[in-house]
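Data from work_37.pdb: PDB, C-alpha atoms, pLDDT in the B column
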MODEL        1
ATOM      1  CA  MET J 164       9.281  -1.494   8.502  1.00 89.00           C
ATOM      2  CA  ILE J 165       5.691  -0.416   8.843  1.00 95.00           C
ATOM      3  CA  THR J 166       3.641  -2.412  11.314  1.00 96.00           C
ATOM      4  CA  TYR J 167      -0.041  -3.261  11.249  1.00 96.00           C
ATOM      5  CA  ASN J 168      -0.741  -0.991  14.229  1.00 96.00           C
ATOM      6  CA  GLN J 169       1.228   1.894  12.722  1.00 96.00           C
ATOM      7  CA  PHE J 170      -0.737   1.591   9.478  1.00 95.00           C
ATOM      8  CA  CYS J 171      -4.131   1.438  11.206  1.00 95.00           C
ATOM      9  CA  ASN J 172      -3.291   4.325  13.537  1.00 95.00           C
ATOM     10  CA  THR J 173      -1.891   6.529  10.770  1.00 94.00           C
ATOM     11  CA  PHE J 174      -5.023   6.250   8.641  1.00 92.00           C
ATOM     12  CA  ALA J 175      -7.542   5.614  11.426  1.00 94.00           C
ATOM     13  CA  VAL J 176      -8.739   2.425   9.771  1.00 93.00           C
ATOM     14  CA  SER J 177      -9.511  -1.021  11.009  1.00 93.00           C
ATOM     15  CA  VAL J 178      -8.673  -3.685   8.455  1.00 94.00           C
ATOM     16  CA  GLY J 179      -7.889  -7.345   8.768  1.00 94.00           C
ATOM     17  CA  SER J 180      -4.311  -8.503   8.827  1.00 95.00           C
ATOM     18  CA  ALA J 181      -4.809 -10.213   5.435  1.00 95.00           C
ATOM     19  CA  VAL J 182      -5.859  -6.896   3.892  1.00 95.00           C
ATOM     20  CA  PHE J 183      -2.889  -5.156   5.506  1.00 96.00           C
ATOM     21  CA  GLU J 184      -0.475  -7.774   4.143  1.00 96.00           C
ATOM     22  CA  GLU J 185      -1.959  -7.512   0.617  1.00 96.00           C
ATOM     23  CA  VAL J 186      -1.818  -3.708   0.675  1.00 96.00           C
ATOM     24  CA  LYS J 187       1.764  -3.823   1.945  1.00 97.00           C
ATOM     25  CA  ARG J 188       2.772  -6.357  -0.732  1.00 97.00           C
ATOM     26  CA  ARG J 189       1.249  -4.222  -3.495  1.00 97.00           C
ATOM     27  CA  ALA J 190       2.867  -1.039  -2.166  1.00 98.00           C
ATOM     28  CA  GLU J 191       6.289  -2.701  -1.959  1.00 98.00           C
ATOM     29  CA  HIS J 192       5.917  -3.954  -5.523  1.00 98.00           C
ATOM     30  CA  LYS J 193       4.933  -0.478  -6.713  1.00 98.00           C
ATOM     31  CA  ARG J 194       7.814   1.168  -4.833  1.00 98.00           C
ATOM     32  CA  ASN J 195      10.327  -1.311  -6.258  1.00 98.00           C
ATOM     33  CA  TYR J 196       9.013  -0.666  -9.766  1.00 98.00           C
ATOM     34  CA  ILE J 197       9.205   3.105  -9.337  1.00 98.00           C
ATOM     35  CA  ILE J 198      12.730   2.951  -7.918  1.00 98.00           C
ATOM     36  CA  SER J 199      13.941   0.628 -10.673  1.00 97.00           C
ATOM     37  CA  HIS J 200      12.618   2.967 -13.357  1.00 97.00           C
ATOM     38  CA  PHE J 201      13.063   6.417 -11.816  1.00 97.00           C
ATOM     39  CA  GLY J 202      15.554   6.045  -8.972  1.00 97.00           C
ATOM     40  CA  ASP J 203      15.096   6.556  -5.264  1.00 97.00           C
ATOM     41  CA  GLY J 204      14.694  10.331  -5.432  1.00 95.00           C
ATOM     42  CA  ASN J 205      17.821  10.937  -3.339  1.00 97.00           C
ATOM     43  CA  GLY J 206      16.426   8.565  -0.716  1.00 96.00           C
ATOM     44  CA  ALA J 207      12.936  10.089  -0.568  1.00 97.00           C
ATOM     45  CA  ARG J 208      11.351   6.928  -1.974  1.00 97.00           C
ATOM     46  CA  LEU J 209      12.994   4.813   0.718  1.00 97.00           C
ATOM     47  CA  THR J 210      11.311   6.555   3.655  1.00 97.00           C
ATOM     48  CA  GLU J 211       8.440   5.244   5.757  1.00 96.00           C
ATOM     49  CA  LYS J 212       6.437   8.331   4.836  1.00 97.00           C
ATOM     50  CA  TYR J 213       6.648   7.462   1.125  1.00 98.00           C
ATOM     51  CA  MET J 214       5.768   3.829   1.816  1.00 97.00           C
ATOM     52  CA  LEU J 215       2.747   4.906   3.854  1.00 97.00           C
ATOM     53  CA  GLU J 216       1.587   7.080   0.956  1.00 97.00           C
ATOM     54  CA  LEU J 217       1.827   4.116  -1.391  1.00 98.00           C
ATOM     55  CA  MET J 218       0.018   1.909   1.121  1.00 97.00           C
ATOM     56  CA  ARG J 219      -2.761   4.479   1.416  1.00 96.00           C
ATOM     57  CA  ASP J 220      -3.181   4.498  -2.352  1.00 96.00           C
ATOM     58  CA  GLU J 221      -3.165   0.711  -2.504  1.00 96.00           C
ATOM     59  CA  LEU J 222      -5.734   0.489   0.304  1.00 96.00           C
ATOM     60  CA  CYS J 223      -8.062   2.743  -1.685  1.00 94.00           C
ATOM     61  CA  SER J 224      -7.488   0.681  -4.819  1.00 94.00           C
ATOM     62  CA  PHE J 225      -7.970  -2.630  -3.013  1.00 93.00           C
ATOM     63  CA  THR J 226     -11.135  -1.421  -1.297  1.00 90.00           C
ATOM     64  CA  LEU J 227     -12.572  -0.222  -4.604  1.00 90.00           C
ATOM     65  CA  GLU J 228     -11.754  -3.556  -6.242  1.00 88.00           C
ATOM     66  CA  GLN J 229     -13.520  -5.446  -3.459  1.00 85.00           C
ATOM     67  CA  SER J 230     -16.560  -3.141  -3.617  1.00 84.00           C
ATOM     68  CA  THR J 231     -16.779  -3.556  -7.375  1.00 86.00           C
ATOM     69  CA  ARG J 232     -16.663  -7.345  -7.078  1.00 78.00           C
ATOM     70  CA  LEU J 233     -19.494  -7.303  -4.578  1.00 77.00           C
ATOM     71  CA  ALA J 234     -21.550  -4.884  -6.683  1.00 77.00           C
ATOM     72  CA  VAL J 235     -21.384  -7.089  -9.764  1.00 79.00           C
ATOM     73  CA  GLY J 236     -22.009 -10.261  -7.832  1.00 73.00           C
ATOM     74  CA  GLY J 237     -18.508 -11.674  -8.014  1.00 61.00           C
ATOM     75  CA  VAL J 238     -16.534 -13.332  -5.317  1.00 58.00           C
TER      76      VAL J 238
ENDMDL
END

Represent the structure from my file as structure tokens, please.
Amino acid sequence: MITYNQFCNTFAVSVGSAVFEEVKRRAEHKRNYIISHFGDGNGARLTEKYMLELMRDELCSFTLEQSTRLAVGGV
């Protein structure tokens, strides 16, 4: 299980715990979808390294979504 500190240290970021939990939730959902459709890649998709890659991607996506909302005046 990836911890908040591990995530922040791996990517040298400082995010709130709510952002971390949302990113983790999205990454777990994505991983479960990928595994259910394509398999676990002989266990490769079950590793922490793979989960961290998905979390990195979701952090980028989440950050972009938040920036876009602010840019267009949304909440």

Can you work out which one of J:Gln229, J:Ile165, J:Met218, J:Phe174 has the shortest atom-to-atom distance to J:His192, counting all atoms listed in the file?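 So, comparing all the options, the nearest one is J:Met218.
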
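Nearest residue to J:Arg219, choosing from J:Met164, J:Ala234, J:Ile197, J:Cys171 and counting all atoms listed in the file: J:Cys171.
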
Run the PyMOL selection byres ((chain J and resi 193) around 12) on the file and write out the hits as a CSV table (one decimal) with C-alpha atoms, keeping the file's coordinate frame.
chain,number,residue,atom,x,y,z
J,186,VAL,CA,-1.8,-3.7,0.7
J,187,LYS,CA,1.8,-3.8,1.9
J,188,ARG,CA,2.8,-6.4,-0.7
J,189,ARG,CA,1.2,-4.2,-3.5
J,190,ALA,CA,2.9,-1.0,-2.2
J,191,GLU,CA,6.3,-2.7,-2.0
J,192,HIS,CA,5.9,-4.0,-5.5
J,194,ARG,CA,7.8,1.2,-4.8
J,195,ASN,CA,10.3,-1.3,-6.3
J,196,TYR,CA,9.0,-0.7,-9.8
J,197,ILE,CA,9.2,3.1,-9.3
J,198,ILE,CA,12.7,3.0,-7.9
J,199,SER,CA,13.9,0.6,-10.7
J,200,HIS,CA,12.6,3.0,-13.4
J,201,PHE,CA,13.1,6.4,-11.8
J,208,ARG,CA,11.4,6.9,-2.0
J,213,TYR,CA,6.6,7.5,1.1
J,214,MET,CA,5.8,3.8,1.8
J,216,GLU,CA,1.6,7.1,1.0
J,217,LEU,CA,1.8,4.1,-1.4
J,218,MET,CA,0.0,1.9,1.1
J,220,ASP,CA,-3.2,4.5,-2.4
J,221,GLU,CA,-3.2,0.7,-2.5

Figure out the distance between atom CA of J:Val178 and atom CA of J:Leu233, please, to one decimal in Å.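 Interatomic distance, atom CA of J:Leu233 to atom CA of J:Val178: 17.3 Å.
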
Please determine, counting only C-alpha atoms, which residue among J:Leu222, J:Leu215, J:Glu185, J:Asp203 has the shortest atom-to-atom distance to J:Thr173. J:Leu215

Any idea what the distance is between atom CA of J:Gly179 and atom CA of J:Arg232? 18.1 Å

How far is it from atom CA of J:Val182 to atom CA of J:Thr226, in Å with one decimal? 9.2 Å

With only C-alpha atoms as the counted atoms, please give the residues lying no more than 9 Å from J:Tyr167, apart from itself and same-chain residues fewer than 4 positions off, as a list in words.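 Residues meeting the cut-off are Cys171, Asn172, Ser180, Phe183 and Glu184 of chain J.
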
Is there a way to complete stretch 174-189 of chain J with N, CA, C and O atoms and then write that out as a PDB file, keeping the file's coordinate frame?
ATOM      1  N   PHE J 174      -3.874   5.956   9.500  1.00 92.00           N
ATOM      2  CA  PHE J 174      -5.023   6.250   8.641  1.00 92.00           C
ATOM      3  C   PHE J 174      -6.363   6.073   9.341  1.00 92.00           C
ATOM      4  O   PHE J 174      -7.408   6.202   8.707  1.00 92.00           O
ATOM      5  N   ALA J 175      -6.321   5.789  10.633  1.00 94.00           N
ATOM      6  CA  ALA J 175      -7.542   5.614  11.426  1.00 94.00           C
ATOM      7  C   ALA J 175      -8.497   4.634  10.755  1.00 94.00           C
ATOM      8  O   ALA J 175      -9.670   4.910  10.545  1.00 94.00           O
ATOM      9  N   VAL J 176      -7.937   3.476  10.392  1.00 93.00           N
ATOM     10  CA  VAL J 176      -8.739   2.425   9.771  1.00 93.00           C
ATOM     11  C   VAL J 176      -8.597   1.148  10.581  1.00 93.00           C
ATOM     12  O   VAL J 176      -7.632   0.957  11.319  1.00 93.00           O
ATOM     13  N   SER J 177      -9.569   0.297  10.403  1.00 93.00           N
ATOM     14  CA  SER J 177      -9.511  -1.021  11.009  1.00 93.00           C
ATOM     15  C   SER J 177      -9.708  -2.037   9.893  1.00 93.00           C
ATOM     16  O   SER J 177     -10.803  -2.180   9.363  1.00 93.00           O
ATOM     17  N   VAL J 178      -8.624  -2.678   9.512  1.00 94.00           N
ATOM     18  CA  VAL J 178      -8.673  -3.685   8.455  1.00 94.00           C
ATOM     19  C   VAL J 178      -8.098  -4.980   9.003  1.00 94.00           C
ATOM     20  O   VAL J 178      -7.350  -4.976   9.975  1.00 94.00           O
ATOM     21  N   GLY J 179      -8.443  -6.061   8.367  1.00 94.00           N
ATOM     22  CA  GLY J 179      -7.889  -7.345   8.768  1.00 94.00           C
ATOM     23  C   GLY J 179      -6.419  -7.440   8.418  1.00 94.00           C
ATOM     24  O   GLY J 179      -5.917  -6.716   7.554  1.00 94.00           O
ATOM     25  N   SER J 180      -5.741  -8.354   9.089  1.00 95.00           N
ATOM     26  CA  SER J 180      -4.311  -8.503   8.827  1.00 95.00           C
ATOM     27  C   SER J 180      -4.055  -8.980   7.399  1.00 95.00           C
ATOM     28  O   SER J 180      -3.040  -8.620   6.801  1.00 95.00           O
ATOM     29  N   ALA J 181      -4.973  -9.759   6.822  1.00 95.00           N
ATOM     30  CA  ALA J 181      -4.809 -10.213   5.435  1.00 95.00           C
ATOM     31  C   ALA J 181      -4.866  -9.035   4.469  1.00 95.00           C
ATOM     32  O   ALA J 181      -4.095  -8.971   3.504  1.00 95.00           O
ATOM     33  N   VAL J 182      -5.765  -8.097   4.730  1.00 95.00           N
ATOM     34  CA  VAL J 182      -5.859  -6.896   3.892  1.00 95.00           C
ATOM     35  C   VAL J 182      -4.595  -6.072   4.042  1.00 95.00           C
ATOM     36  O   VAL J 182      -4.017  -5.602   3.049  1.00 95.00           O
ATOM     37  N   PHE J 183      -4.128  -5.901   5.265  1.00 96.00           N
ATOM     38  CA  PHE J 183      -2.889  -5.156   5.506  1.00 96.00           C
ATOM     39  C   PHE J 183      -1.727  -5.780   4.739  1.00 96.00           C
ATOM     40  O   PHE J 183      -0.965  -5.077   4.074  1.00 96.00           O
ATOM     41  N   GLU J 184      -1.585  -7.091   4.820  1.00 96.00           N
ATOM     42  CA  GLU J 184      -0.475  -7.774   4.143  1.00 96.00           C
ATOM     43  C   GLU J 184      -0.573  -7.612   2.625  1.00 96.00           C
ATOM     44  O   GLU J 184       0.436  -7.412   1.954  1.00 96.00           O
ATOM     45  N   GLU J 185      -1.774  -7.686   2.065  1.00 96.00           N
ATOM     46  CA  GLU J 185      -1.959  -7.512   0.617  1.00 96.00           C
ATOM     47  C   GLU J 185      -1.632  -6.080   0.196  1.00 96.00           C
ATOM     48  O   GLU J 185      -0.953  -5.849  -0.799  1.00 96.00           O
ATOM     49  N   VAL J 186      -2.094  -5.117   0.965  1.00 96.00           N
ATOM     50  CA  VAL J 186      -1.818  -3.708   0.675  1.00 96.00           C
ATOM     51  C   VAL J 186      -0.312  -3.445   0.762  1.00 96.00           C
ATOM     52  O   VAL J 186       0.264  -2.780  -0.106  1.00 96.00           O
ATOM     53  N   LYS J 187       0.323  -3.998   1.772  1.00 97.00           N
ATOM     54  CA  LYS J 187       1.764  -3.823   1.945  1.00 97.00           C
ATOM     55  C   LYS J 187       2.526  -4.463   0.781  1.00 97.00           C
ATOM     56  O   LYS J 187       3.452  -3.873   0.234  1.00 97.00           O
ATOM     57  N   ARG J 188       2.122  -5.669   0.380  1.00 97.00           N
ATOM     58  CA  ARG J 188       2.772  -6.357  -0.732  1.00 97.00           C
ATOM     59  C   ARG J 188       2.662  -5.545  -2.013  1.00 97.00           C
ATOM     60  O   ARG J 188       3.635  -5.344  -2.731  1.00 97.00           O
ATOM     61  N   ARG J 189       1.458  -5.029  -2.292  1.00 97.00           N
ATOM     62  CA  ARG J 189       1.249  -4.222  -3.495  1.00 97.00           C
ATOM     63  C   ARG J 189       2.076  -2.936  -3.462  1.00 97.00           C
ATOM     64  O   ARG J 189       2.645  -2.525  -4.472  1.00 97.00           O
TER      65      ARG J 189
END
